[in-house]
Amino acid sequence: MITCYDVVKAFVRTEKGTSLEGDRQYLFRVATDATKADVKRAVEEIYKVKVDSVNTMTVPGKLKRVRQRAGYTADWKKAIVSLKEGQKIEG
């Protein structure tokens, strides 16, 4: 059984993520197979807020080199969650 904590992996604290907070938007790292409905349900249950919309995107892995070997980091998915008027995530 998939729990909310399996869907929402982390609350992303980056420069872009903190600039979105003024617009009631928050950035999360989510499971790669999670849908927008899954993300909405998980954020509402974990943070006890009302979600207005969810935008998701898959971030491709970057090329990394170690000596002569080249490889890629794993792809990951991020979600920008917009909250309804008057809602806020404390943290």
# chains A, B, ... in the order shown; residues from 1 in each chain; ligands from 1

$ residues_around --residues "Thr35 in chain A" --least-positions-apart "6" --cutoff "12 Å" --atoms "only C-alpha atoms" --output "ChimeraX atom specification"
/A:7-8,41-42,54-58,77-79

$ residues_around --residues "Lys16 in chain A" --least-positions-apart "4" --cutoff "10 Å" --atoms "only C-alpha atoms" --output "number ranges by chain"
A: 12, 20-21, 26-27

$ write_last_selection --atoms "N, CA and C atoms" --output "compact mmCIF listing (two decimals), in the first residue's frame"
# COMPACT_ATOMS: atom_id res chain seq x y z
N VAL A 12 11.37 20.90 -1.17
CA VAL A 12 12.59 21.40 -1.80
C VAL A 12 12.85 22.83 -1.35
N LEU A 20 8.89 31.12 -4.77
CA LEU A 20 7.50 30.77 -5.08
C LEU A 20 6.58 30.90 -3.88
N GLU A 21 7.12 30.85 -2.66
CA GLU A 21 6.28 30.82 -1.46
C GLU A 21 5.44 32.08 -1.29
N TYR A 26 4.47 25.96 -3.52
CA TYR A 26 5.53 25.25 -2.82
C TYR A 26 6.08 24.16 -3.73
N LEU A 27 7.37 23.89 -3.61
CA LEU A 27 8.07 22.95 -4.47
C LEU A 27 8.38 21.67 -3.70

$ atom_distance --atom1 "CA of Asp52 in chain A" --atom2 "CA of Ile80 in chain A"
10.9 Å

$ residues_around --residues "Tyr5 in chain A" --least-positions-apart "2" --cutoff "10 Å" --atoms "only C-alpha atoms" --output "ChimeraX atom specification"
/A:2-3,7-10,30-31,42-43,45-46

$ closest_residue --among "A:Asp33, A:Asp75, A:Glu15, A:Glu85" --to "Ser53 in chain A" --atoms "only C-alpha atoms"
A:Glu85

$ atom_distance --atom1 "CA of Gln87 in chain A" --atom2 "CA of Lys48 in chain A"
9.4 Å

$ residues_around --residues "Leu63 in chain A" --least-positions-apart "6" --cutoff "8 Å" --atoms "only C-alpha atoms" --output "VMD selection string"
chain A and resid 70 to 73

$ write_last_selection --atoms "N, CA, C and O atoms" --output "mmCIF file, in the first residue's frame"
data_model
loop_
_atom_site.group_PDB
_atom_site.id
_atom_site.type_symbol
_atom_site.label_atom_id
_atom_site.label_comp_id
_atom_site.auth_asym_id
_atom_site.auth_seq_id
_atom_site.Cartn_x
_atom_site.Cartn_y
_atom_site.Cartn_z
ATOM 1 N N ALA A 70 31.823 7.504 -17.459
ATOM 2 C CA ALA A 70 30.758 8.511 -17.510
ATOM 3 C C ALA A 70 29.438 7.819 -17.208
ATOM 4 O O ALA A 70 29.215 6.676 -17.601
ATOM 5 N N GLY A 71 28.569 8.513 -16.513
ATOM 6 C CA GLY A 71 27.262 7.973 -16.187
ATOM 7 C C GLY A 71 26.289 9.105 -15.920
ATOM 8 O O GLY A 71 26.656 10.285 -15.964
ATOM 9 N N TYR A 72 25.070 8.756 -15.669
ATOM 10 C CA TYR A 72 24.032 9.743 -15.417
ATOM 11 C C TYR A 72 23.434 9.555 -14.030
ATOM 12 O O TYR A 72 23.305 8.421 -13.555
ATOM 13 N N THR A 73 23.062 10.668 -13.397
ATOM 14 C CA THR A 73 22.302 10.582 -12.164
ATOM 15 C C THR A 73 20.867 10.217 -12.531
ATOM 16 O O THR A 73 20.459 10.334 -13.691
#

$ select_by_dssp --residues "chain A" --states "strand (DSSP E or B)" --output "JSON, numbers by chain"
{"A": [8, 9, 10, 11, 25, 26, 27, 28, 29, 30, 51, 52, 53, 54, 55, 56, 57, 58, 59, 63, 64, 65, 66, 69, 70, 71, 72, 76, 77, 78, 79, 80, 81, 82, 83]}

$ atom_distance --atom1 "CA of Arg29 in chain A" --atom2 "CA of Lys84 in chain A"
20.3 Å
